[in-house]
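The next block is data_15.txt, given as compact mmCIF, C-alpha atoms.
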# COMPACT_ATOMS: atom_id res chain seq x y z
CA MET A 1 0.00 0.00 0.00
CA SER A 2 2.81 2.41 0.94
CA SER A 3 4.55 1.66 -2.37
CA LEU A 4 1.36 2.51 -4.27
CA LEU A 5 0.98 5.81 -2.40
CA LEU A 6 4.62 6.67 -3.11
CA LEU A 7 4.08 5.91 -6.79
CA LEU A 8 0.97 8.10 -6.94
CA PHE A 9 2.80 10.92 -5.14
CA SER A 10 5.69 10.68 -7.61
CA ILE A 11 3.33 10.78 -10.59
CA LEU A 12 1.47 13.81 -9.24
CA THR A 13 4.74 15.61 -8.44
CA PHE A 14 6.11 14.91 -11.91
CA SER A 15 2.82 16.06 -13.46
CA CYS A 16 2.91 19.39 -11.57
CA ILE A 17 6.54 20.00 -12.53
CA ALA A 18 5.87 19.08 -16.14
CA GLN A 19 2.92 21.48 -16.34
CA SER A 20 5.01 24.38 -15.04
CA ALA A 21 8.08 23.68 -17.14
CA VAL A 22 9.08 26.00 -19.97
CA PRO A 23 8.23 24.37 -23.34
CA SER A 24 11.32 23.31 -25.24
CA SER A 25 10.35 25.64 -28.09
CA LYS A 26 10.76 28.65 -25.77
CA GLN A 27 14.01 27.58 -24.14
CA PHE A 28 17.31 28.95 -25.43
CA LYS A 29 21.01 29.23 -24.75
CA TYR A 30 22.65 32.26 -26.29
CA VAL A 31 26.45 32.46 -26.54
CA PHE A 32 28.09 35.90 -26.50
CA TYR A 33 30.12 36.56 -29.64
CA GLY A 34 31.19 39.48 -31.80
CA GLY A 35 29.07 40.99 -34.52
CA PHE A 36 26.81 43.87 -35.36
CA ASP A 37 23.00 44.21 -35.37
CA GLY A 38 22.60 47.92 -34.75
CA SER A 39 24.17 51.10 -33.43
CA LEU A 40 24.09 53.03 -30.17
CA GLN A 41 24.26 56.81 -29.83
CA GLU A 42 25.28 57.60 -26.27
CA GLU A 43 27.50 60.53 -25.29
CA GLY A 44 30.99 59.81 -24.02
CA GLU A 45 31.25 56.18 -25.13
CA PHE A 46 31.80 54.18 -28.31
CA TYR A 47 29.93 50.88 -28.58
CA TYR A 48 30.84 47.79 -30.57
CA ASP A 49 29.70 44.20 -31.17
CA ILE A 50 26.04 45.09 -30.62
CA ARG A 51 24.17 41.80 -31.05
CA ASP A 52 20.44 41.36 -30.45
CA VAL A 53 19.19 38.39 -28.43
CA LEU A 54 15.46 39.18 -28.45
CA THR A 55 13.57 41.94 -30.27
CA THR A 56 10.19 43.65 -30.10
CA SER A 57 10.82 46.65 -32.33
CA PRO A 58 11.96 49.26 -31.54
CA PHE A 59 13.21 47.52 -28.35
CA ALA A 60 15.87 44.81 -28.27
CA LEU A 61 17.61 42.76 -25.60
CA CYS A 62 21.24 42.92 -26.71
CA HIS A 63 24.86 42.80 -25.65
CA TYR A 64 27.58 45.34 -26.35
CA THR A 65 31.20 46.13 -25.57
CA THR A 66 33.15 49.38 -25.41
CA GLN A 67 36.48 47.56 -25.90
CA ALA A 68 36.65 46.65 -29.58
CA SER A 69 40.42 47.10 -29.72
CA LEU A 70 41.10 44.41 -27.10
CA SER A 71 41.64 40.76 -27.95
CA ASP A 72 39.37 39.71 -25.08
CA PRO A 73 36.65 42.38 -24.74
CA VAL A 74 34.01 42.27 -22.01
CA TYR A 75 30.28 42.55 -22.61
CA VAL A 76 27.19 43.99 -20.95
CA LEU A 77 23.69 42.58 -21.37
CA ALA A 78 21.26 45.44 -21.93
CA LEU A 79 17.98 46.65 -23.38
CA ARG A 80 18.06 49.25 -26.10
CA LEU A 81 15.34 51.47 -27.50
CA ASP A 82 16.54 51.92 -31.06
CA THR A 83 19.96 53.55 -30.53
CA HIS A 84 19.72 54.35 -26.79
CA LEU A 85 20.36 52.06 -23.82
CA VAL A 86 17.44 51.96 -21.37
CA TRP A 87 18.40 49.09 -19.02
CA GLU A 88 21.65 47.29 -18.20
CA VAL A 89 21.94 43.98 -16.39
CA ASN A 90 25.63 43.64 -15.51
CA ARG A 91 27.30 46.98 -16.15
CA LYS A 92 29.34 46.59 -12.94
CA ASN A 93 30.29 43.00 -13.73
CA PRO A 94 30.78 42.57 -17.52
CA VAL A 95 31.39 39.14 -19.03
CA HIS A 96 33.82 37.78 -21.64
CA LEU A 97 33.31 36.15 -25.03
CA ASN A 98 31.60 32.75 -24.89
CA SER A 99 29.57 33.73 -21.84
CA THR A 100 25.98 32.51 -22.03
CA LEU A 101 22.44 33.71 -21.46
CA THR A 102 20.22 30.69 -20.77
CA PHE A 103 16.47 30.33 -20.37
CA GLY A 104 15.98 26.72 -19.31
CA SER A 105 13.11 24.40 -18.50
CA ASP A 106 12.97 25.54 -14.86
CA GLY A 107 12.08 29.12 -15.88
CA ASN A 108 15.25 30.80 -14.62
CA LEU A 109 16.98 33.35 -16.86
CA VAL A 110 20.72 33.08 -16.17
CA LEU A 111 23.76 35.04 -17.34
CA ALA A 112 26.92 32.97 -16.79
CA ASP A 113 30.60 33.49 -17.56
CA PRO A 114 32.54 31.09 -19.85
CA LYS A 115 33.28 28.82 -16.85
CA GLY A 116 29.60 28.54 -15.98
CA ASN A 117 29.71 30.81 -12.93
CA ILE A 118 26.45 32.72 -12.47
CA VAL A 119 26.92 36.46 -12.96
CA TRP A 120 23.22 37.39 -12.83
CA GLU A 121 19.88 35.59 -12.67
CA THR A 122 16.19 36.31 -12.25
CA ALA A 123 15.95 33.69 -9.45
CA THR A 124 12.72 32.34 -10.91
CA GLY A 125 13.65 28.66 -11.08
CA ASN A 126 10.69 26.33 -10.38
CA LYS A 127 8.31 29.26 -9.88
CA ASP A 128 5.83 28.19 -12.58
CA VAL A 129 7.43 30.29 -15.33
CA VAL A 130 6.45 29.08 -18.81
CA GLY A 131 7.60 31.94 -21.04
CA LEU A 132 9.79 35.00 -21.57
CA GLU A 133 8.60 38.05 -23.50
CA LEU A 134 9.80 41.53 -24.35
CA PHE A 135 6.67 43.66 -24.14
CA PRO A 136 6.07 46.51 -26.64
CA ASN A 137 6.76 49.05 -23.85
CA GLY A 138 10.27 47.64 -23.24
CA ASN A 139 9.42 45.56 -20.17
CA LEU A 140 11.24 42.21 -20.19
CA VAL A 141 8.97 39.75 -18.37
CA LEU A 142 8.71 36.14 -17.24
CA LEU A 143 5.14 34.79 -17.22
CA ASP A 144 3.29 31.83 -15.73
CA LYS A 145 0.77 29.75 -17.67
CA GLU A 146 -2.05 32.16 -16.71
CA GLY A 147 -0.11 35.08 -18.18
CA ASN A 148 0.66 36.57 -14.77
CA LEU A 149 3.95 38.36 -14.13
CA VAL A 150 6.47 36.33 -12.16
CA TRP A 151 9.38 38.70 -12.80
CA GLN A 152 9.80 41.96 -14.76
CA SER A 153 12.70 44.24 -15.61
CA PHE A 154 10.53 47.25 -14.70
CA ASP A 155 11.11 46.31 -11.04
CA TYR A 156 14.88 46.76 -11.46
CA PRO A 157 15.53 50.14 -13.15
CA THR A 158 19.10 51.31 -13.62
CA ASP A 159 19.43 54.96 -14.75
CA THR A 160 16.25 55.12 -16.86
CA LEU A 161 12.47 55.14 -16.49
CA LEU A 162 10.43 54.05 -19.50
CA VAL A 163 6.80 54.96 -20.09
CA ASP A 164 4.57 52.84 -17.76
CA GLN A 165 7.50 52.26 -15.38
CA SER A 166 7.30 53.46 -11.76
CA LEU A 167 9.25 54.54 -8.74
CA ARG A 168 7.52 53.25 -5.59
CA ALA A 169 7.80 53.81 -1.85
CA ARG A 170 8.31 50.08 -1.30
CA GLY A 171 10.83 49.85 -4.12
CA PRO A 172 12.26 50.48 -6.54
CA ARG A 173 12.48 54.10 -5.38
CA GLU A 174 15.54 55.45 -7.22
CA LEU A 175 17.54 55.59 -10.43
CA VAL A 176 21.35 55.44 -10.34
CA SER A 177 23.58 56.98 -13.02
CA ARG A 178 25.89 54.69 -14.98
CA ARG A 179 29.00 55.37 -12.91
CA GLY A 180 27.05 55.52 -9.67
CA ARG A 181 27.75 59.11 -8.60
CA TYR A 182 24.20 60.42 -9.06
CA THR A 183 20.77 59.21 -7.96
CA LEU A 184 17.20 60.32 -8.62
CA ALA A 185 15.02 59.21 -5.70
CA MET A 186 11.33 59.42 -4.85
CA GLU A 187 10.87 60.92 -1.39
CA ALA A 188 7.70 61.51 0.64
CA ALA A 189 6.70 64.68 -1.25
CA SER A 190 9.40 65.27 -3.85
CA LEU A 191 11.74 63.83 -6.43
CA ASP A 192 15.29 64.47 -5.20
CA MET A 193 18.66 64.31 -6.91
CA HIS A 194 21.82 63.32 -5.01
CA TYR A 195 25.53 63.54 -5.75
CA LYS A 196 27.60 60.98 -3.85
CA GLY A 197 24.79 60.77 -1.30
CA ASP A 198 24.34 64.53 -0.81
CA PRO A 199 21.17 66.24 -2.19
CA TYR A 200 21.61 68.96 -4.79
CA PHE A 201 18.19 69.42 -6.42
CA SER A 202 14.58 68.80 -5.45
CA LEU A 203 11.51 68.71 -7.65
CA GLU A 204 8.55 69.49 -5.41
CA THR A 205 5.71 67.31 -6.64
CA TYR A 206 2.59 68.23 -4.65
CA ASN A 207 1.18 69.41 -1.31
CA SER A 208 1.99 66.77 1.30
CA PHE A 209 -1.39 67.12 3.08
CA ALA A 210 -2.57 64.21 0.93
CA GLY A 211 -0.11 61.83 2.55
CA PRO A 212 3.33 60.63 1.43
CA LEU A 213 3.92 59.51 -2.12
CA GLU A 214 3.33 55.83 -2.86
CA GLU A 215 4.09 55.77 -6.57
CA MET A 216 5.34 57.95 -9.44
CA ARG A 217 4.50 56.40 -12.80
CA LEU A 218 5.90 57.81 -16.04
CA THR A 219 3.05 58.15 -18.54
CA ALA A 220 2.59 59.37 -22.10
CA GLY A 221 -0.38 60.67 -24.04
CA LEU A 222 -3.39 62.88 -23.43
CA THR A 223 -4.43 63.78 -19.88
CA ILE A 224 -7.63 65.21 -18.41
CA TYR A 225 -5.65 68.37 -17.65
CA GLU A 226 -4.22 68.73 -21.17
CA PRO A 227 -6.74 66.93 -23.45
CA PHE A 228 -5.25 68.36 -26.62
CA LEU A 229 -1.55 67.86 -25.87
CA ASN A 230 0.54 64.70 -26.04
CA ASP A 231 2.31 65.04 -22.69
CA LEU A 232 5.07 63.13 -20.99
CA SER A 233 4.07 63.20 -17.31
CA PHE A 234 4.36 61.65 -13.88
CA ASN A 235 1.15 60.20 -12.44
CA LEU A 236 1.46 60.55 -8.66
CA THR A 237 -0.40 58.38 -6.15
CA THR A 238 -0.27 59.09 -2.41
CA SER A 239 -0.86 56.88 0.61
CA GLU A 240 -4.33 58.46 0.90
CA LYS A 241 -5.01 57.41 -2.71
CA TYR A 242 -5.00 60.95 -4.07
CA ASN A 243 -3.88 61.19 -7.69
CA TYR A 244 -1.98 64.03 -9.34
CA VAL A 245 -0.35 64.68 -12.69
CA MET A 246 3.03 66.40 -12.96
CA GLU A 247 3.82 67.39 -16.53
CA ILE A 248 7.43 66.92 -17.63
CA ALA A 249 7.39 67.84 -21.31
CA THR A 250 5.28 68.06 -24.45
CA PRO A 251 7.20 66.38 -27.29
CA VAL A 252 6.51 67.42 -30.85
CA TYR A 253 5.71 63.84 -31.85
CA ASN A 254 4.23 60.75 -30.21
CA THR A 255 5.45 60.19 -26.64
CA THR A 256 4.88 56.41 -26.48
CA PHE A 257 8.57 55.55 -26.91
CA SER A 258 9.97 57.99 -24.37
CA PHE A 259 12.15 57.72 -21.32
CA LEU A 260 13.57 59.82 -18.47
CA ARG A 261 17.20 59.36 -17.47
CA ILE A 262 19.58 60.57 -14.77
CA GLU A 263 22.68 61.36 -16.80
CA ASP A 264 26.23 60.60 -15.76
CA ASN A 265 26.94 64.35 -15.46
CA GLY A 266 24.08 64.88 -13.00
CA ASN A 267 21.55 66.29 -15.47
CA LEU A 268 18.03 64.93 -15.93
CA LYS A 269 16.78 64.50 -19.49
CA ALA A 270 13.83 63.07 -21.37
CA TYR A 271 14.15 61.44 -24.79
CA SER A 272 11.44 60.55 -27.32
CA PHE A 273 11.81 58.20 -30.28
CA VAL A 274 9.77 58.68 -33.44
CA GLU A 275 9.38 55.73 -35.78
CA ASN A 276 9.18 55.86 -39.56
CA ILE A 277 11.29 58.95 -40.12
CA SER A 278 14.93 59.30 -41.13
CA THR A 279 17.48 57.76 -38.75
CA TRP A 280 19.24 61.02 -37.88
CA ASN A 281 15.95 62.79 -37.05
CA SER A 282 14.25 59.96 -35.18
CA TRP A 283 15.14 61.26 -31.70
CA GLU A 284 13.89 64.32 -29.88
CA GLN A 285 14.98 65.66 -26.47
CA PRO A 286 11.87 67.41 -25.11
CA PHE A 287 13.14 68.01 -21.58
CA THR A 288 16.48 68.97 -20.01
CA LEU A 289 16.50 70.06 -16.37
CA PHE A 290 19.74 72.07 -16.33
CA THR A 291 20.27 74.20 -19.44
CA SER A 292 22.63 76.97 -20.47
CA ASN A 293 19.82 79.54 -20.72
CA GLY A 294 17.11 78.30 -18.35
CA SER A 295 16.17 79.29 -14.80
CA ASP A 296 17.93 76.12 -13.61
CA SER A 297 21.33 76.67 -15.18
CA GLU A 298 24.11 74.16 -15.64
CA CYS A 299 25.85 75.84 -12.69
CA HIS A 300 23.60 73.70 -10.46
CA MET A 301 25.26 70.55 -11.81
CA PRO A 302 27.78 69.38 -9.17
CA GLU A 303 30.60 68.54 -11.59
CA LYS A 304 30.02 71.29 -14.14
CA CYS A 305 33.40 72.75 -13.11
CA GLY A 306 35.01 69.42 -12.32
CA ARG A 307 36.69 69.11 -8.93
CA PHE A 308 36.51 72.86 -8.16
CA GLY A 309 35.58 76.14 -9.81
CA ILE A 310 33.19 79.09 -9.99
CA CYS A 311 30.38 78.87 -12.55
CA GLN A 312 28.54 81.83 -14.06
CA LYS A 313 25.93 81.63 -16.83
CA SER A 314 26.72 77.93 -17.30
CA LYS A 315 30.44 78.62 -17.86
CA CYS A 316 33.38 77.94 -15.54
CA VAL A 317 34.97 81.36 -15.04
CA ALA A 318 37.42 81.15 -12.12
CA CYS A 319 39.48 78.85 -9.90
CA PRO A 320 39.36 79.98 -6.23
CA SER A 321 42.59 80.04 -4.24
CA PRO A 322 43.73 81.53 -0.90
CA SER A 323 45.43 84.33 -2.84
CA GLY A 324 42.41 85.18 -4.99
CA LEU A 325 40.59 84.04 -8.12
CA LEU A 326 42.66 82.45 -10.88
CA PRO A 327 41.69 81.50 -14.45
CA TRP A 328 39.77 78.21 -14.41
CA SER A 329 41.14 75.00 -15.94
CA LYS A 330 40.38 71.30 -15.50
CA LYS A 331 43.35 71.13 -13.12
CA CYS A 332 41.58 73.39 -10.61
CA SER A 333 41.10 71.53 -7.31
CA SER A 334 40.08 72.25 -3.73
CA PRO A 335 42.74 72.44 -0.98
CA LYS A 336 44.15 69.27 0.52
CA LEU A 337 43.15 68.77 4.14
CA PRO A 338 44.53 66.72 7.05
CA LEU A 339 43.32 63.12 7.01
CA CYS A 340 40.47 62.24 9.34
CA SER A 341 42.79 59.66 10.91
CA ASP A 342 45.10 62.46 12.08
CA GLY A 343 42.93 63.03 15.16
CA ALA A 344 43.28 66.46 16.74
CA ALA A 345 45.07 67.80 13.68
CA VAL A 346 41.77 67.70 11.84
CA THR A 347 40.26 70.43 14.02
CA THR A 348 43.32 72.41 15.14
CA ASN A 349 45.31 72.59 11.91
CA VAL A 350 42.65 74.07 9.63
CA ARG A 351 41.65 77.61 8.68
CA TYR A 352 39.39 79.19 6.06
CA TYR A 353 39.54 81.64 3.21
CA GLU A 354 36.48 83.54 1.99
CA ILE A 355 34.86 84.00 -1.43
CA GLU A 356 32.09 86.60 -1.61
CA GLY A 357 29.13 86.41 -3.98
CA VAL A 358 28.97 82.64 -4.47
CA ASP A 359 26.65 79.80 -3.51
CA HIS A 360 27.21 76.07 -3.36
CA PHE A 361 25.69 74.21 -6.33
CA SER A 362 23.02 72.87 -3.93
CA SER A 363 22.40 76.07 -1.92
CA ALA A 364 19.05 76.86 -3.53
CA TYR A 365 17.60 73.53 -2.36
CA VAL A 366 19.51 72.41 0.74
CA TYR A 367 20.07 74.13 4.08
CA THR A 368 21.32 72.92 7.48
CA GLY A 369 18.18 73.47 9.55
CA ASN A 370 15.69 76.34 9.40
CA ASP A 371 16.76 78.37 12.44
CA PRO A 372 19.20 81.30 12.13
CA ILE A 373 22.78 80.54 13.10
CA THR A 374 25.83 82.75 13.62
CA VAL A 375 28.77 82.51 11.26
CA ASP A 376 30.99 81.42 14.17
CA ASN A 377 28.67 78.53 15.03
CA CYS A 378 28.54 77.55 11.37
CA ARG A 379 32.35 77.62 11.25
CA GLU A 380 32.51 75.47 14.39
CA LYS A 381 30.22 72.86 12.83
CA CYS A 382 32.50 72.57 9.81
CA THR A 383 35.71 72.56 11.85
CA SER A 384 34.47 69.74 14.09
CA ASP A 385 33.45 67.66 11.05
CA CYS A 386 36.58 66.12 9.54
CA LYS A 387 34.76 65.46 6.26
CA CYS A 388 33.61 69.07 5.89
CA LYS A 389 35.46 70.85 3.08
CA GLY A 390 33.86 74.23 3.63
CA PHE A 391 30.68 76.04 4.56
CA PHE A 392 28.40 78.57 2.88
CA TYR A 393 26.80 81.37 4.83
CA THR A 394 24.13 83.90 3.89
CA LYS A 395 24.52 87.00 6.06
CA ASP A 396 21.11 88.46 5.20
CA ASP A 397 19.15 85.55 6.73
CA SER A 398 21.90 83.79 8.78
CA LYS A 399 21.62 80.44 7.04
CA CYS A 400 24.41 77.88 7.02
CA LEU A 401 25.27 75.05 4.65
CA ILE A 402 27.98 72.54 5.60
CA THR A 403 29.32 70.52 2.69
CA HIS A 404 31.52 67.48 2.12
CA GLN A 405 31.66 68.21 -1.61
CA LEU A 406 32.84 71.55 -3.03
CA ASN A 407 33.05 71.07 -6.78
CA THR A 408 31.00 73.78 -8.52
CA LEU A 409 30.38 77.15 -6.86
CA THR A 410 27.66 79.31 -8.41
CA LYS A 411 28.30 83.02 -8.91
CA VAL A 412 25.50 85.22 -7.51
CA SER A 413 24.97 88.99 -7.44
CA ASN A 414 24.39 89.09 -3.67
CA SER A 415 27.72 89.73 -1.92
CA THR A 416 26.25 88.65 1.45
CA HIS A 417 26.42 85.05 0.21
CA VAL A 418 29.88 83.91 1.26
CA ALA A 419 31.84 80.67 0.88
CA PHE A 420 34.39 79.68 3.52
CA ILE A 421 36.84 77.16 2.08
CA LYS A 422 38.69 74.98 4.59
CA ILE A 423 42.48 74.72 4.19
CA GLY A 424 45.35 73.28 6.19
CA ARG A 425 46.85 75.83 8.61
CA ALA A 426 50.33 75.12 7.27
CA SER A 427 49.23 75.91 3.72
CA VAL A 428 48.49 79.58 4.13
CA ALA A 429 47.72 82.21 6.73
CA SER A 430 44.06 83.05 7.23
CA ILE A 431 42.77 85.71 4.91
Output the structure of this file as structure tokens.
Amino acid sequence: MSSLLLLLFSILTFSCIAQSAVPSSKQFKYVFYGGFDGSLQEEGEFYYDIRDVLTTSPFALCHYTTQASLSDPVYVLALRLDTHLVWEVNRKNPVHLNSTLTFGSDGNLVLADPKGNIVWETATGNKDVVGLELFPNGNLVLLDKEGNLVWQSFDYPTDTLLVDQSLRARGPRELVSRRGRYTLAMEAASLDMHYKGDPYFSLETYNSFAGPLEEMRLTAGLTIYEPFLNDLSFNLTTSEKYNYVMEIATPVYNTTFSFLRIEDNGNLKAYSFVENISTWNSWEQPFTLFTSNGSDSECHMPEKCGRFGICQKSKCVACPSPSGLLPWSKKCSSPKLPLCSDGAAVTTNVRYYEIEGVDHFSSAYVYTGNDPITVDNCREKCTSDCKCKGFFYTKDDSKCLITHQLNTLTKVSNSTHVAFIKIGRASVASI
């Protein structure tokens, strides 16, 4: 009797597994190799060996390398929208030739190096996955037999949000630029931008009386607020289930194939792709946050002037020094300070020099508290913080900003806005 029960249990178990297995016709094992299926147009990089694994035009799951001159280049698995990258799987851990992307019978999508070591996976093995699809909106998905989502790339954004993709309070809540220095994060009542962890810009989204934000979904098309315009917008949902629309841009053409990206220079841009027109005119850039002639100038970009410099009208115009302002060049850098490990030397062997008429790149959006503070107390806060590189003080309202990152200083007409740059006492006498 026990043998019969064991046999029945084995049959039922095998039947359940067989029903949830990926059909052989949908399984694949792709081997990374050189070649060319398309082109990429991204600033600052050259891309080679672009091979498509799966396509739903104008989207494609592909691999690329930036190392065509090497005998053993490394590759990144990515999604592209025509000529722009919109999602990258392993940009921090690229793989070599003969690496594999496998979608097996168990429903797990696995990227492995040539030795078979797993570099990345969806972790969906034996979770009733029966198919893999690239949706027309650029969402790479794994589905069960009922067509329900088991896994989707929209839950793992990198530096880009596509139309229909969201930032959510419970995650994902941020985008990270390609080299990791910048983030765009959804907060309780705003969309904030950070440089190396420090905030530098905030997009206020709505009045917080409606509760904290739960979701920001990028949408395209007509809205009840703009029924005659084809807008690219954020649909905002709060914890109290209030809904708002925040318009981002109004592209000239269809907004369906659009995306928003945190750039590697700290800017925020929207791109829109238009099908069925000439290749060189198929892209439009309907939104750029920091521009050379807008109210939010490029001087608010942390690295506009590299490691250090004064920016005016989106141009780097001077290199501050203890002896005055010098012509700016890419070699301009902030003073070297005692190491934090030097103990007492950190607080006793530092002084400051002043620059009038400048703000920190984040001054318009970030302050240390709301209460007035004296310049001496502000100085003391910076001196006691070994990571502080300087502080910014506004004499007219007694506000203080302590910063660990100097980089770009913004020229302003108000001479009561003063920067105090920390230097080693041995470097120069106090000015």
Kindly indicate which residue among A:Asp82, A:Ala185, A:Val317, A:Pro251 lies nearest to Asn276 in chain A, using all atoms listed in the file for the distances. A:Asp82
Around (16.7, 62.8, -31.2), as given in the file, which residues come within 9 Å? Count all atoms listed in the file and list them as a list in words.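 Those residues, ordered by chain and then number, are Tyr271, Ser272, Phe273, Val274, Trp280, Asn281, Ser282, Trp283, Glu284 and Gln285 of chain A.
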Could you tell me which of A:Thr124, A:Thr374, A:Thr383, A:Asn407 comes closest to Ser334 in chain A if we count only C-alpha atoms?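 Smallest separation from Ser334 in chain A among the options: A:Asn407.
Picture a line from CA of Gly309 in chain A to CA of Thr416 in chain A; it runs 19.2 Å.
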Sorted by chain and rising residue number, list the residues of range 143-210 of chain A at most 10 Å from range 300-306 of chain A (counting all atoms listed in the file), each with its closest atom pair and distance in Å to one decimal, as CSV.
residue,atom,partner,partner_atom,distance
A:Tyr182,CA,A:Pro302,CA,9.6
A:His194,CA,A:Pro302,CA,9.5
A:Tyr195,CA,A:Pro302,CA,7.1
A:Lys196,CA,A:Pro302,CA,9.9
A:Tyr200,CA,A:Pro302,CA,7.6
A:Phe201,CA,A:His300,CA,8.0
Any idea what the distance is between CA of Glu214 in chain A and CA of Leu191 in chain A? 12.1 Å
Give me the residues within 7 Å of Glu215 in chain A as a list in words, counting all atoms listed in the file and dropping any in the same chain fewer than 5 places off. Ser166, Leu167, Arg168, Ala169, Leu236, Thr237 and Thr238 of chain A
Provide range 352-366 of chain A rebuilt to N, CA and C atoms, formatted as a PDB file, in the frame of the given file.
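Done, and the output landed in out-v9.pdb:
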ATOM      1  N   TYR A 352      40.319  78.976   7.169  1.00  0.00           N
ATOM      2  CA  TYR A 352      39.390  79.190   6.060  1.00  0.00           C
ATOM      3  C   TYR A 352      39.780  80.430   5.272  1.00  0.00           C
ATOM      4  N   TYR A 353      39.497  80.393   3.976  1.00  0.00           N
ATOM      5  CA  TYR A 353      39.540  81.640   3.210  1.00  0.00           C
ATOM      6  C   TYR A 353      38.153  81.877   2.612  1.00  0.00           C
ATOM      7  N   GLU A 354      37.833  83.159   2.374  1.00  0.00           N
ATOM      8  CA  GLU A 354      36.480  83.540   1.990  1.00  0.00           C
ATOM      9  C   GLU A 354      36.379  83.869   0.498  1.00  0.00           C
ATOM     10  N   ILE A 355      35.202  83.583  -0.064  1.00  0.00           N
ATOM     11  CA  ILE A 355      34.860  84.000  -1.430  1.00  0.00           C
ATOM     12  C   ILE A 355      33.478  84.637  -1.357  1.00  0.00           C
ATOM     13  N   GLU A 356      33.375  85.909  -1.664  1.00  0.00           N
ATOM     14  CA  GLU A 356      32.090  86.600  -1.610  1.00  0.00           C
ATOM     15  C   GLU A 356      31.318  86.421  -2.919  1.00  0.00           C
ATOM     16  N   GLY A 357      29.990  86.444  -2.799  1.00  0.00           N
ATOM     17  CA  GLY A 357      29.130  86.410  -3.980  1.00  0.00           C
ATOM     18  C   GLY A 357      29.052  85.062  -4.660  1.00  0.00           C
ATOM     19  N   VAL A 358      29.122  83.979  -3.889  1.00  0.00           N
ATOM     20  CA  VAL A 358      28.970  82.640  -4.470  1.00  0.00           C
ATOM     21  C   VAL A 358      28.079  81.782  -3.581  1.00  0.00           C
ATOM     22  N   ASP A 359      27.417  80.825  -4.203  1.00  0.00           N
ATOM     23  CA  ASP A 359      26.650  79.800  -3.510  1.00  0.00           C
ATOM     24  C   ASP A 359      27.225  78.435  -3.851  1.00  0.00           C
ATOM     25  N   HIS A 360      26.914  77.464  -3.028  1.00  0.00           N
ATOM     26  CA  HIS A 360      27.210  76.070  -3.360  1.00  0.00           C
ATOM     27  C   HIS A 360      26.224  75.633  -4.444  1.00  0.00           C
ATOM     28  N   PHE A 361      26.597  74.642  -5.253  1.00  0.00           N
ATOM     29  CA  PHE A 361      25.690  74.210  -6.330  1.00  0.00           C
ATOM     30  C   PHE A 361      24.337  73.745  -5.788  1.00  0.00           C
ATOM     31  N   SER A 362      24.277  73.354  -4.510  1.00  0.00           N
ATOM     32  CA  SER A 362      23.020  72.870  -3.930  1.00  0.00           C
ATOM     33  C   SER A 362      22.333  73.897  -3.036  1.00  0.00           C
ATOM     34  N   SER A 363      22.886  75.103  -2.911  1.00  0.00           N
ATOM     35  CA  SER A 363      22.400  76.070  -1.920  1.00  0.00           C
ATOM     36  C   SER A 363      20.926  76.426  -2.083  1.00  0.00           C
ATOM     37  N   ALA A 364      20.441  76.451  -3.303  1.00  0.00           N
ATOM     38  CA  ALA A 364      19.050  76.860  -3.530  1.00  0.00           C
ATOM     39  C   ALA A 364      18.056  75.829  -3.012  1.00  0.00           C
ATOM     40  N   TYR A 365      18.521  74.608  -2.718  1.00  0.00           N
ATOM     41  CA  TYR A 365      17.600  73.530  -2.360  1.00  0.00           C
ATOM     42  C   TYR A 365      17.905  72.871  -1.031  1.00  0.00           C
ATOM     43  N   VAL A 366      19.094  73.131  -0.467  1.00  0.00           N
ATOM     44  CA  VAL A 366      19.510  72.410   0.740  1.00  0.00           C
ATOM     45  C   VAL A 366      20.052  73.403   1.766  1.00  0.00           C
TER      46      VAL A 366
END
